[in-house]
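Heads up, input.cif below (mmCIF, C-alpha atoms and all ligand atoms):
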```cif
data_input
#
loop_
_atom_site.group_PDB
_atom_site.id
_atom_site.type_symbol
_atom_site.label_atom_id
_atom_site.label_comp_id
_atom_site.auth_asym_id
_atom_site.auth_seq_id
_atom_site.Cartn_x
_atom_site.Cartn_y
_atom_site.Cartn_z
ATOM 1 C CA MET A 1034 24.045 -9.063 -14.071
ATOM 2 C CA THR A 1035 25.140 -8.766 -17.704
ATOM 3 C CA ASP A 1036 23.953 -12.263 -18.653
ATOM 4 C CA ILE A 1037 20.403 -11.254 -17.777
ATOM 5 C CA LEU A 1038 20.652 -8.528 -20.390
ATOM 6 C CA ASP A 1039 20.743 -11.000 -23.271
ATOM 7 C CA THR A 1040 17.485 -12.800 -22.627
ATOM 8 C CA GLY A 1041 14.109 -11.489 -23.814
ATOM 9 C CA LEU A 1042 13.876 -8.421 -21.624
ATOM 10 C CA SER A 1043 11.124 -5.877 -22.024
ATOM 11 C CA GLU A 1044 12.102 -2.338 -22.897
ATOM 12 C CA LEU A 1045 11.077 -1.314 -19.392
ATOM 13 C CA ASP A 1046 13.293 -3.939 -17.745
ATOM 14 C CA ARG A 1047 16.140 -2.781 -19.944
ATOM 15 C CA ALA A 1048 15.565 0.847 -18.922
ATOM 16 C CA ARG A 1049 15.589 -0.188 -15.248
ATOM 17 C CA LEU A 1050 18.796 -2.182 -15.667
ATOM 18 C CA ASP A 1051 20.397 0.733 -17.542
ATOM 19 C CA PHE A 1052 19.495 3.179 -14.758
ATOM 20 C CA ARG A 1053 20.871 0.725 -12.193
ATOM 21 C CA ALA A 1054 24.088 0.227 -14.166
ATOM 22 C CA ASP A 1055 24.549 3.999 -14.542
ATOM 23 C CA LEU A 1056 24.135 4.519 -10.781
ATOM 24 C CA LEU A 1057 26.619 1.738 -10.021
ATOM 25 C CA ASP A 1058 29.120 2.995 -12.643
ATOM 26 C CA ALA A 1059 28.885 6.523 -11.223
ATOM 27 C CA GLY A 1060 29.588 5.042 -7.779
ATOM 28 C CA LEU A 1061 26.403 6.569 -6.346
ATOM 29 C CA LEU A 1062 25.084 3.146 -5.337
ATOM 30 C CA ILE A 1063 27.191 0.134 -4.399
ATOM 31 C CA GLY A 1064 25.797 -3.231 -5.454
ATOM 32 C CA THR A 1065 25.589 -6.284 -3.163
ATOM 33 C CA ALA A 1066 24.665 -9.943 -3.646
ATOM 34 C CA SER A 1067 20.991 -9.182 -2.938
ATOM 35 C CA PRO A 1068 18.851 -7.267 -5.436
ATOM 36 C CA GLY A 1069 17.545 -4.103 -3.813
ATOM 37 C CA ILE A 1070 20.246 -3.976 -1.108
ATOM 38 C CA TYR A 1071 22.783 -1.238 -1.810
ATOM 39 C CA GLY A 1072 25.554 0.740 -0.236
ATOM 40 C CA ARG A 1073 25.315 4.510 -0.764
ATOM 41 C CA SER A 1074 28.166 6.840 -1.672
ATOM 42 C CA GLY A 1075 29.059 10.054 0.132
ATOM 43 C CA THR A 1076 27.570 12.054 -2.735
ATOM 44 C CA PHE A 1077 24.309 10.089 -2.567
ATOM 45 C CA GLU A 1078 24.142 10.655 1.194
ATOM 46 C CA ALA A 1079 24.912 14.360 0.800
ATOM 47 C CA ILE A 1080 21.958 14.777 -1.580
ATOM 48 C CA LEU A 1081 19.717 12.719 0.713
ATOM 49 C CA SER A 1082 20.580 14.721 3.816
ATOM 50 C CA ASP A 1083 20.224 18.078 2.010
ATOM 51 C CA LEU A 1084 16.850 16.910 0.750
ATOM 52 C CA ASP A 1085 15.964 15.894 4.280
ATOM 53 C CA ARG A 1086 16.840 19.353 5.569
ATOM 54 C CA VAL A 1087 14.501 20.916 2.972
ATOM 55 C CA LEU A 1088 11.682 18.579 4.056
ATOM 56 C CA THR A 1089 12.310 19.290 7.728
ATOM 57 C CA GLU A 1090 12.193 23.054 7.044
ATOM 58 C CA MET A 1091 8.936 22.592 5.133
ATOM 59 C CA ALA A 1092 7.433 20.801 8.140
ATOM 60 C CA ALA A 1093 8.682 23.315 10.740
ATOM 61 C CA PRO A 1094 5.201 24.914 11.209
ATOM 62 C CA LEU A 1095 3.934 21.533 12.411
ATOM 63 C CA ARG A 1096 6.118 21.767 15.532
ATOM 64 C CA ALA A 1097 6.258 18.005 15.394
ATOM 65 C CA THR A 1098 7.738 15.913 18.178
ATOM 66 C CA THR A 1099 10.806 14.169 16.785
ATOM 67 C CA VAL A 1100 11.233 10.465 17.523
ATOM 68 C CA ARG A 1101 13.616 7.901 16.050
ATOM 69 C CA PHE A 1102 13.340 4.122 16.235
ATOM 70 C CA PRO A 1103 15.776 1.385 15.172
ATOM 71 C CA PRO A 1104 15.094 -0.721 12.048
ATOM 72 C CA VAL A 1105 13.616 -3.537 14.151
ATOM 73 C CA TYR A 1106 10.662 -3.395 16.518
ATOM 74 C CA PRO A 1107 8.930 -5.742 18.942
ATOM 75 C CA ARG A 1108 7.078 -8.692 17.501
ATOM 76 C CA VAL A 1109 4.249 -8.120 20.004
ATOM 77 C CA ASP A 1110 3.679 -4.691 18.421
ATOM 78 C CA PHE A 1111 3.867 -6.155 14.910
ATOM 79 C CA GLU A 1112 1.087 -8.544 16.010
ATOM 80 C CA ARG A 1113 -1.120 -5.561 16.836
ATOM 81 C CA THR A 1114 -1.003 -4.391 13.196
ATOM 82 C CA ASP A 1115 -2.520 -6.561 10.466
ATOM 83 C CA TYR A 1116 0.671 -6.389 8.409
ATOM 84 C CA ILE A 1117 1.214 -10.165 8.232
ATOM 85 C CA ALA A 1118 -2.395 -10.546 7.010
ATOM 86 C CA SER A 1119 -2.182 -7.791 4.386
ATOM 87 C CA PHE A 1120 1.462 -8.029 3.301
ATOM 88 C CA PRO A 1121 2.897 -11.468 4.150
ATOM 89 C CA ASP A 1122 5.028 -11.289 1.011
ATOM 90 C CA LEU A 1123 6.679 -8.010 2.055
ATOM 91 C CA SER A 1124 7.344 -8.912 5.694
ATOM 92 C CA GLY A 1125 10.764 -9.681 7.155
ATOM 93 C CA ILE A 1126 10.970 -11.646 10.377
ATOM 94 C CA VAL A 1127 14.210 -11.868 12.347
ATOM 95 C CA SER A 1128 15.508 -15.258 13.503
ATOM 96 C CA THR A 1129 18.046 -15.952 16.237
ATOM 97 C CA PHE A 1130 19.831 -18.987 17.654
ATOM 98 C CA GLU A 1131 18.697 -20.053 21.086
ATOM 99 C CA GLY A 1132 19.972 -23.630 21.191
ATOM 100 C CA GLY A 1133 22.793 -25.131 23.229
ATOM 101 C CA ASP A 1134 26.065 -26.848 22.283
ATOM 102 C CA ARG A 1135 24.323 -29.860 20.766
ATOM 103 C CA GLU A 1136 22.152 -27.772 18.449
ATOM 104 C CA HIS A 1137 25.160 -25.651 17.538
ATOM 105 C CA ARG A 1138 27.104 -28.801 16.566
ATOM 106 C CA GLU A 1139 24.165 -29.951 14.431
ATOM 107 C CA LEU A 1140 23.953 -26.544 12.763
ATOM 108 C CA LEU A 1141 27.694 -26.557 12.037
ATOM 109 C CA ALA A 1142 27.559 -30.092 10.649
ATOM 110 C CA ALA A 1143 24.710 -29.122 8.321
ATOM 111 C CA ARG A 1144 26.597 -26.015 7.218
ATOM 112 C CA GLU A 1145 29.757 -28.082 6.634
ATOM 113 C CA GLU A 1146 27.780 -30.407 4.363
ATOM 114 C CA GLY A 1147 26.333 -27.460 2.481
ATOM 115 C CA ARG A 1148 22.855 -28.142 3.854
ATOM 116 C CA ALA A 1149 20.418 -25.508 5.113
ATOM 117 C CA TRP A 1150 21.302 -24.536 8.703
ATOM 118 C CA ASP A 1151 18.611 -21.965 9.339
ATOM 119 C CA GLY A 1152 16.224 -24.635 10.630
ATOM 120 C CA TRP A 1153 18.135 -24.338 13.932
ATOM 121 C CA LEU A 1154 17.071 -20.717 14.246
ATOM 122 C CA HIS A 1155 13.854 -19.487 15.814
ATOM 123 C CA PRO A 1156 11.780 -16.332 15.325
ATOM 124 C CA ALA A 1157 13.164 -13.589 17.554
ATOM 125 C CA ASP A 1158 11.084 -11.216 19.648
ATOM 126 C CA VAL A 1159 11.746 -8.471 17.062
ATOM 127 C CA VAL A 1160 10.763 -8.115 13.390
ATOM 128 C CA LEU A 1161 12.145 -5.818 10.693
ATOM 129 C CA THR A 1162 10.339 -2.490 10.747
ATOM 130 C CA ASN A 1163 8.148 -2.382 7.648
ATOM 131 C CA ALA A 1164 6.571 1.041 8.063
ATOM 132 C CA ILE A 1165 8.484 3.387 10.313
ATOM 133 C CA CYS A 1166 5.322 4.855 11.842
ATOM 134 C CA HIS A 1167 4.307 1.467 13.302
ATOM 135 C CA PRO A 1168 6.829 1.553 16.183
ATOM 136 C CA LEU A 1169 5.538 5.062 16.928
ATOM 137 C CA TYR A 1170 1.878 4.002 17.195
ATOM 138 C CA ALA A 1171 2.934 1.276 19.604
ATOM 139 C CA THR A 1172 4.148 3.946 22.034
ATOM 140 C CA LEU A 1173 0.978 6.094 21.924
ATOM 141 C CA GLU A 1174 -1.495 3.854 23.727
ATOM 142 C CA GLY A 1175 -3.881 5.936 25.843
ATOM 143 C CA ARG A 1176 -5.277 9.466 25.417
ATOM 144 C CA LEU A 1177 -3.816 12.137 23.181
ATOM 145 C CA PRO A 1178 -3.705 15.801 24.215
ATOM 146 C CA GLU A 1179 -6.466 18.171 23.020
ATOM 147 C CA GLY A 1180 -5.991 18.894 19.291
ATOM 148 C CA GLY A 1181 -3.992 15.715 18.704
ATOM 149 C CA SER A 1182 -0.259 15.307 18.187
ATOM 150 C CA VAL A 1183 2.168 15.439 15.268
ATOM 151 C CA TYR A 1184 5.350 13.376 15.109
ATOM 152 C CA ASP A 1185 8.438 13.513 12.929
ATOM 153 C CA VAL A 1186 9.717 9.969 12.328
ATOM 154 C CA PHE A 1187 12.703 8.955 10.218
ATOM 155 C CA GLY A 1188 14.276 5.554 9.782
ATOM 156 C CA TYR A 1189 14.903 2.427 7.767
ATOM 157 C CA GLY A 1190 12.026 0.293 6.581
ATOM 158 C CA PHE A 1191 12.216 -3.172 5.027
ATOM 159 C CA ARG A 1192 10.088 -4.628 2.256
ATOM 160 C CA HIS A 1193 10.806 -8.002 0.754
ATOM 161 C CA GLU A 1194 10.557 -6.926 -2.882
ATOM 162 C CA PRO A 1195 13.745 -8.110 -4.598
ATOM 163 C CA SER A 1196 14.019 -6.118 -7.825
ATOM 164 C CA LEU A 1197 16.657 -4.859 -10.216
ATOM 165 C CA ASP A 1198 14.784 -1.559 -10.446
ATOM 166 C CA PRO A 1199 16.859 0.795 -8.278
ATOM 167 C CA MET A 1200 13.616 2.634 -7.420
ATOM 168 C CA ARG A 1201 12.472 -0.504 -5.588
ATOM 169 C CA MET A 1202 14.893 -1.184 -2.759
ATOM 170 C CA GLN A 1203 14.355 -3.739 -0.019
ATOM 171 C CA SER A 1204 15.868 -1.571 2.695
ATOM 172 C CA PHE A 1205 15.358 2.174 2.515
ATOM 173 C CA ARG A 1206 14.676 5.257 4.617
ATOM 174 C CA MET A 1207 11.381 7.035 5.066
ATOM 175 C CA HIS A 1208 10.746 10.429 6.595
ATOM 176 C CA GLU A 1209 7.194 10.636 7.878
ATOM 177 C CA PHE A 1210 5.198 13.416 9.449
ATOM 178 C CA VAL A 1211 2.386 11.712 11.333
ATOM 179 C CA TYR A 1212 -0.771 13.278 12.734
ATOM 180 C CA VAL A 1213 -2.854 11.501 15.349
ATOM 181 C CA GLY A 1214 -6.040 13.130 16.555
ATOM 182 C CA ASP A 1215 -9.683 13.536 15.623
ATOM 183 C CA PRO A 1216 -11.128 12.433 12.228
ATOM 184 C CA ASP A 1217 -11.700 15.939 10.776
ATOM 185 C CA GLY A 1218 -8.243 17.040 11.807
ATOM 186 C CA SER A 1219 -6.708 14.035 10.099
ATOM 187 C CA GLN A 1220 -8.467 14.721 6.777
ATOM 188 C CA ASP A 1221 -7.454 18.423 6.882
ATOM 189 C CA TYR A 1222 -3.902 17.478 7.744
ATOM 190 C CA ARG A 1223 -3.624 15.081 4.824
ATOM 191 C CA ASP A 1224 -5.007 17.568 2.288
ATOM 192 C CA THR A 1225 -3.008 20.565 3.536
ATOM 193 C CA TRP A 1226 0.305 18.756 3.771
ATOM 194 C CA LEU A 1227 -0.127 17.005 0.447
ATOM 195 C CA ASP A 1228 -0.187 20.502 -1.091
ATOM 196 C CA HIS A 1229 2.903 21.637 0.830
ATOM 197 C CA ALA A 1230 4.750 18.482 -0.178
ATOM 198 C CA MET A 1231 3.895 19.010 -3.850
ATOM 199 C CA GLU A 1232 5.146 22.626 -3.730
ATOM 200 C CA THR A 1233 8.343 21.645 -1.968
ATOM 201 C CA LEU A 1234 9.158 18.866 -4.434
ATOM 202 C CA GLN A 1235 8.327 21.175 -7.358
ATOM 203 C CA SER A 1236 10.766 23.720 -5.924
ATOM 204 C CA LEU A 1237 13.446 21.037 -6.398
ATOM 205 C CA GLY A 1238 12.619 20.827 -10.095
ATOM 206 C CA LEU A 1239 10.800 17.490 -9.837
ATOM 207 C CA PRO A 1240 7.919 17.030 -12.335
ATOM 208 C CA VAL A 1241 5.566 15.654 -9.672
ATOM 209 C CA ASP A 1242 1.953 14.638 -10.004
ATOM 210 C CA ALA A 1243 -0.504 13.497 -7.308
ATOM 211 C CA VAL A 1244 -2.551 10.367 -8.017
ATOM 212 C CA PRO A 1245 -4.962 8.182 -6.033
ATOM 213 C CA ALA A 1246 -3.233 4.937 -5.124
ATOM 214 C CA ASN A 1247 -3.551 1.725 -3.214
ATOM 215 C CA ASP A 1248 -1.271 -0.406 -1.080
ATOM 216 C CA PRO A 1249 -0.203 -3.760 -2.554
ATOM 217 C CA PHE A 1250 -2.533 -5.846 -0.352
ATOM 218 C CA PHE A 1251 -1.896 -9.550 -0.727
ATOM 219 C CA GLY A 1252 -4.189 -12.163 -2.207
ATOM 220 C CA ARG A 1253 -7.876 -12.427 -2.904
ATOM 221 C CA ALA A 1254 -9.071 -10.806 0.350
ATOM 222 C CA GLY A 1255 -6.631 -7.997 -0.387
ATOM 223 C CA LYS A 1256 -8.475 -7.091 -3.599
ATOM 224 C CA MET A 1257 -11.374 -5.743 -1.537
ATOM 225 C CA LEU A 1258 -9.031 -3.622 0.550
ATOM 226 C CA VAL A 1259 -7.479 -2.251 -2.645
ATOM 227 C CA SER A 1260 -10.817 -1.178 -4.080
ATOM 228 C CA ALA A 1261 -12.004 0.319 -0.762
ATOM 229 C CA GLN A 1262 -8.776 2.314 -0.473
ATOM 230 C CA LEU A 1263 -9.188 3.665 -4.007
ATOM 231 C CA ARG A 1264 -12.914 4.334 -3.685
ATOM 232 C CA GLU A 1265 -12.508 6.254 -0.449
ATOM 233 C CA ASN A 1266 -9.456 8.089 -1.771
ATOM 234 C CA LEU A 1267 -7.440 7.312 1.351
ATOM 235 C CA LYS A 1268 -4.003 7.173 -0.242
ATOM 236 C CA ILE A 1269 -2.547 9.768 -2.593
ATOM 237 C CA GLU A 1270 0.854 9.156 -4.089
ATOM 238 C CA ILE A 1271 3.223 11.824 -5.340
ATOM 239 C CA VAL A 1272 4.761 10.367 -8.470
ATOM 240 C CA VAL A 1273 7.604 11.279 -10.839
ATOM 241 C CA PRO A 1274 8.159 9.804 -14.311
ATOM 242 C CA ILE A 1275 11.366 7.773 -14.129
ATOM 243 C CA TYR A 1276 11.129 5.559 -17.215
ATOM 244 C CA GLY A 1277 9.322 7.899 -19.613
ATOM 245 C CA ASP A 1278 6.411 6.313 -21.441
ATOM 246 C CA LEU A 1279 7.565 2.792 -20.614
ATOM 247 C CA ALA A 1280 5.966 2.708 -17.173
ATOM 248 C CA GLU A 1281 3.617 4.638 -14.963
ATOM 249 C CA ALA A 1282 5.325 7.334 -12.955
ATOM 250 C CA THR A 1283 6.967 6.080 -9.740
ATOM 251 C CA ALA A 1284 5.799 7.067 -6.249
ATOM 252 C CA ILE A 1285 8.356 9.011 -4.204
ATOM 253 C CA ALA A 1286 6.028 10.143 -1.412
ATOM 254 C CA SER A 1287 2.499 9.590 -0.210
ATOM 255 C CA ALA A 1288 -0.153 11.320 1.840
ATOM 256 C CA ASN A 1289 -2.453 8.911 3.607
ATOM 257 C CA CYS A 1290 -5.591 8.967 5.671
ATOM 258 C CA GLN A 1291 -5.247 5.891 7.823
ATOM 259 C CA ARG A 1292 -8.531 6.451 9.643
ATOM 260 C CA ASP A 1293 -8.526 4.243 12.761
ATOM 261 C CA HIS A 1294 -6.768 1.433 10.951
ATOM 262 C CA LEU A 1295 -3.742 1.370 13.277
ATOM 263 C CA THR A 1296 -4.867 3.586 16.119
ATOM 264 C CA ALA A 1297 -7.712 1.184 17.077
ATOM 265 C CA GLY A 1298 -5.319 -1.771 17.347
ATOM 266 C CA PHE A 1299 -2.920 0.241 19.477
ATOM 267 C CA GLY A 1300 -5.641 1.665 21.754
ATOM 268 C CA ILE A 1301 -4.965 5.328 20.893
ATOM 269 C CA HIS A 1302 -7.766 7.723 21.877
ATOM 270 C CA THR A 1303 -8.475 11.418 21.428
ATOM 271 C CA ALA A 1304 -8.816 13.762 24.397
ATOM 272 C CA ASP A 1305 -12.596 13.108 24.178
ATOM 273 C CA GLY A 1306 -12.049 9.384 24.545
ATOM 274 C CA GLU A 1307 -12.889 8.390 20.955
ATOM 275 C CA VAL A 1308 -10.660 6.165 18.875
ATOM 276 C CA ALA A 1309 -8.126 8.499 17.244
ATOM 277 C CA HIS A 1310 -7.586 8.755 13.504
ATOM 278 C CA ALA A 1311 -4.151 9.037 11.914
ATOM 279 C CA ALA A 1312 -2.819 10.622 8.751
ATOM 280 C CA CYS A 1313 0.707 10.624 7.489
ATOM 281 C CA LEU A 1314 2.857 12.363 4.940
ATOM 282 C CA ALA A 1315 5.661 9.995 4.026
ATOM 283 C CA PHE A 1316 8.714 10.618 1.854
ATOM 284 C CA GLY A 1317 10.765 7.776 0.405
ATOM 285 C CA MET A 1318 14.240 9.238 0.914
ATOM 286 C CA GLU A 1319 16.136 6.994 -1.502
ATOM 287 C CA ARG A 1320 13.374 7.219 -4.102
ATOM 288 C CA THR A 1321 13.254 11.015 -3.932
ATOM 289 C CA THR A 1322 17.053 11.212 -4.136
ATOM 290 C CA LEU A 1323 16.986 8.893 -7.163
ATOM 291 C CA ALA A 1324 14.213 10.975 -8.743
ATOM 292 C CA LEU A 1325 16.460 14.056 -8.399
ATOM 293 C CA LEU A 1326 19.351 12.168 -10.026
ATOM 294 C CA ARG A 1327 17.103 10.879 -12.790
ATOM 295 C CA THR A 1328 15.602 14.316 -13.462
ATOM 296 C CA HIS A 1329 18.735 16.468 -13.197
ATOM 297 C CA GLY A 1330 21.412 13.945 -14.193
ATOM 298 C CA LEU A 1331 23.966 11.877 -12.312
ATOM 299 C CA ASP A 1332 26.524 14.703 -12.237
ATOM 300 C CA VAL A 1333 25.461 16.940 -9.379
ATOM 301 C CA GLU A 1334 27.810 19.700 -10.566
ATOM 302 C CA SER A 1335 25.665 20.134 -13.651
ATOM 303 C CA TRP A 1336 22.313 20.386 -11.851
ATOM 304 C CA PRO A 1337 20.314 23.612 -12.321
ATOM 305 C CA LEU A 1338 21.719 26.349 -10.114
ATOM 306 C CA ASP A 1339 18.424 27.080 -8.370
ATOM 307 C CA VAL A 1340 18.037 23.416 -7.379
ATOM 308 C CA ARG A 1341 21.603 23.275 -6.077
ATOM 309 C CA ALA A 1342 21.046 26.489 -4.148
ATOM 310 C CA ARG A 1343 17.773 25.201 -2.674
ATOM 311 C CA LEU A 1344 19.540 22.044 -1.494
ATOM 312 C CA GLY A 1345 22.702 23.889 -0.428
ATOM 313 C CA LEU A 1346 24.753 21.520 -2.590
HETATM 314 ZN ZN ZN B 1401 3.174 5.883 8.004
#
```
Take the structure in the file and give it back as structure tokens.
Amino acid sequence: MTDILDTGLSELDRARLDFRADLLDAGLLIGTASPGIYGRSGTFEAILSDLDRVLTEMAAPLRATTVRFPPVYPRVDFERTDYIASFPDLSGIVSTFEGGDREHRELLAAREEGRAWDGWLHPADVVLTNAICHPLYATLEGRLPEGGSVYDVFGYGFRHEPSLDPMRMQSFRMHEFVYVGDPDGSQDYRDTWLDHAMETLQSLGLPVDAVPANDPFFGRAGKMLVSAQLRENLKIEIVVPIYGDLAEATAIASANCQRDHLTAGFGIHTADGEVAHAACLAFGMERTTLALLRTHGLDVESWPLDVRARLGL
């Protein structure tokens, strides 16, 4: 990476590369050949799981149903979201080999000659999970109980966003607390739990702020979705300054009103038979861990005592 450092980098890019280099030097992250794909050290994982325990304790009053899904989910369910329309650039589709001996020989010959061999692969019946609540929605078709339901979902998500900014990984974990029920309930849920999330993150010494935000919808049609999302205040991000004045503060969590955006496609209805609305409180686990390291320093031993006590570190 050092050769990149020489060429006309902005101050912000330099700050991102410095943060990345510090994390790698400290052994907290382990670099790989792909930008945004890292190994994590034991210390990094210890912080992340302590943080996760704090978040789970915060959410205890929700009495959420816990569900876990793998980092891939069925392509037929992916088709029921509009993800490929809104975020084609972020999607990751899995390919597998389904040929016979002849195709395998052709693939090997191409590989031997240093040519592309992935043309012999075909899209599999699974895709990489982009948002970890999507596999959940796919299982909720039908009627919800009276008062709706709340789910605790945790898992790896994938976003094709190669970047040298360690805050922007391609493969990362999210912990989401998802409400599905009637429209008023979903708005209340979002507002109430945004407040709880802010308090909890403040108790960890993070200088958080809550700001209206939008998803990175793709292309010209996406611009309208961006402005609607902002105008209707559907997405609030919890942000922490990572690069000082050089960049806007970075999102580590978000509280979203999804309305019937996903629930309609998945045929999820309230007890009264109306299309359900959803709201979710989502924490980026790597981002929040990195925000703690950025705020309190890379040496966990020297973190403020109250923060260490809160995390049980
Ligand atoms: Zn979600």
Requested in this report: Set the cut-off to 8 Å, count all atoms listed in the file, and list whatever residues fall near ligand ZN 1401 (chain B) as a ChimeraX atom specification.
Outcome: /A:1164-1167,1209-1211,1289,1312-1315
Query raised in the report: Between A:Gly1072, A:Pro1168, A:Gly1218, A:Gly1064, which is the closest to Ala1311 of chain A once you count all atoms listed in the file?
Result: A:Gly1218
Query raised in the report: Do you have the atom CA of Thr1283 of chain A-atom CA of Met1200 of chain A distance handy?
Result: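 Computed distance, atom CA of Thr1283 of chain A to atom CA of Met1200 of chain A, equals 7.8 Å.
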Query raised in the report: So which residues get picked by the PyMOL selection byres (((chain A and resi 1202) around 12) and not hetatm) here, written as number ranges by chain?
Result: A: 1053, 1062, 1064-1065, 1067-1072, 1123, 1189-1201, 1203-1207, 1317-1320, 1323
Report task. Using all atoms listed in the file, find all polymer residues with an atom at most 7 Å away from the point (4.1, 9.4, -10.5); report them as JSON, numbers by chain. Result -> {"A": [1241, 1242, 1243, 1271, 1272, 1273, 1274, 1281, 1282, 1283, 1284]}
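Distances to Ser1119 of chain A were evaluated for A:Lys1268, A:Arg1047, A:Arg1148, A:Arg1253 using only C-alpha atoms, and the minimum falls at A:Arg1253.
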Report summary line: Judged by all atoms listed in the file, the minimum distance to Tyr1222 of chain A among A:Ala1048, A:Val1183, A:Met1091, A:Leu1141 is found for A:Val1183
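Residues lying within 7 Å of Val1159 of chain A, counting only C-alpha atoms and ignoring same-chain neighbours fewer than 6 positions away, are Val1105, Tyr1106, Pro1107, Arg1108 and Val1127 of chain A.
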Query - atom CA of Asn1247 of chain A to atom CA of Thr1089 of chain A, straight-line distance in Å - result: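 Separating atom CA of Thr1089 of chain A from atom CA of Asn1247 of chain A is a distance of 26.1 Å.
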Query raised in the report: Once the PyMOL selection byres (((chain A and resi 1343) around 10) and not hetatm) has been applied to the shown file, what residues remain in the selection, as a count of residues only?
Result: 13
Requested in this report: Show which residues sit within 10 Å of Glu1174 of chain A, as a PyMOL selection string. Count all atoms listed in the file, and ignore same-chain residues fewer than 6 positions away.
Outcome: chain A and resi 1296-1302
Query raised in the report: So which residues touch Gly1181 of chain A within 9 Å, counting all atoms listed in the file, skipping near sequence neighbours fewer than 5 positions away, as number ranges by chain?
Result: A: 1212-1215, 1218, 1303-1304, 1309
Report summary line: Min atom-atom distance to Thr1099 of chain A from the set A:Ala1079, A:Leu1169, A:Ala1280, A:Val1308, counting all atoms listed in the file, belongs to A:Leu1169
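Atom CA of Asp1046 of chain A to atom CA of Phe1120 of chain A spans 24.5 Å [interatomic distance, one decimal].
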**Report entry** Contacts of Ala1092 of chain A at 10 Å (all atoms listed in the file; same-chain gap of 5+ positions) as a list in words
**Finding:**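 With the cut-off at 10 Å, the set is Arg1086, Val1087, Ala1097, Asp1185, Phe1210, Trp1226, His1229 and Ala1230 of chain A.
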Requested in this report: Find, counting only C-alpha atoms, the residue in A:Phe1130, A:Ala1059, A:Pro1178, A:Arg1138 that gets nearest to Asp1305 of chain A.
Outcome: A:Pro1178
Query raised in the report: Of the residues A:Ala1324, A:Leu1061, A:Met1231, A:Cys1290, which is the one nearest to His1310 of chain A, using only C-alpha atoms?
Result: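 Of all the options, A:Cys1290 lies closest to His1310 of chain A.
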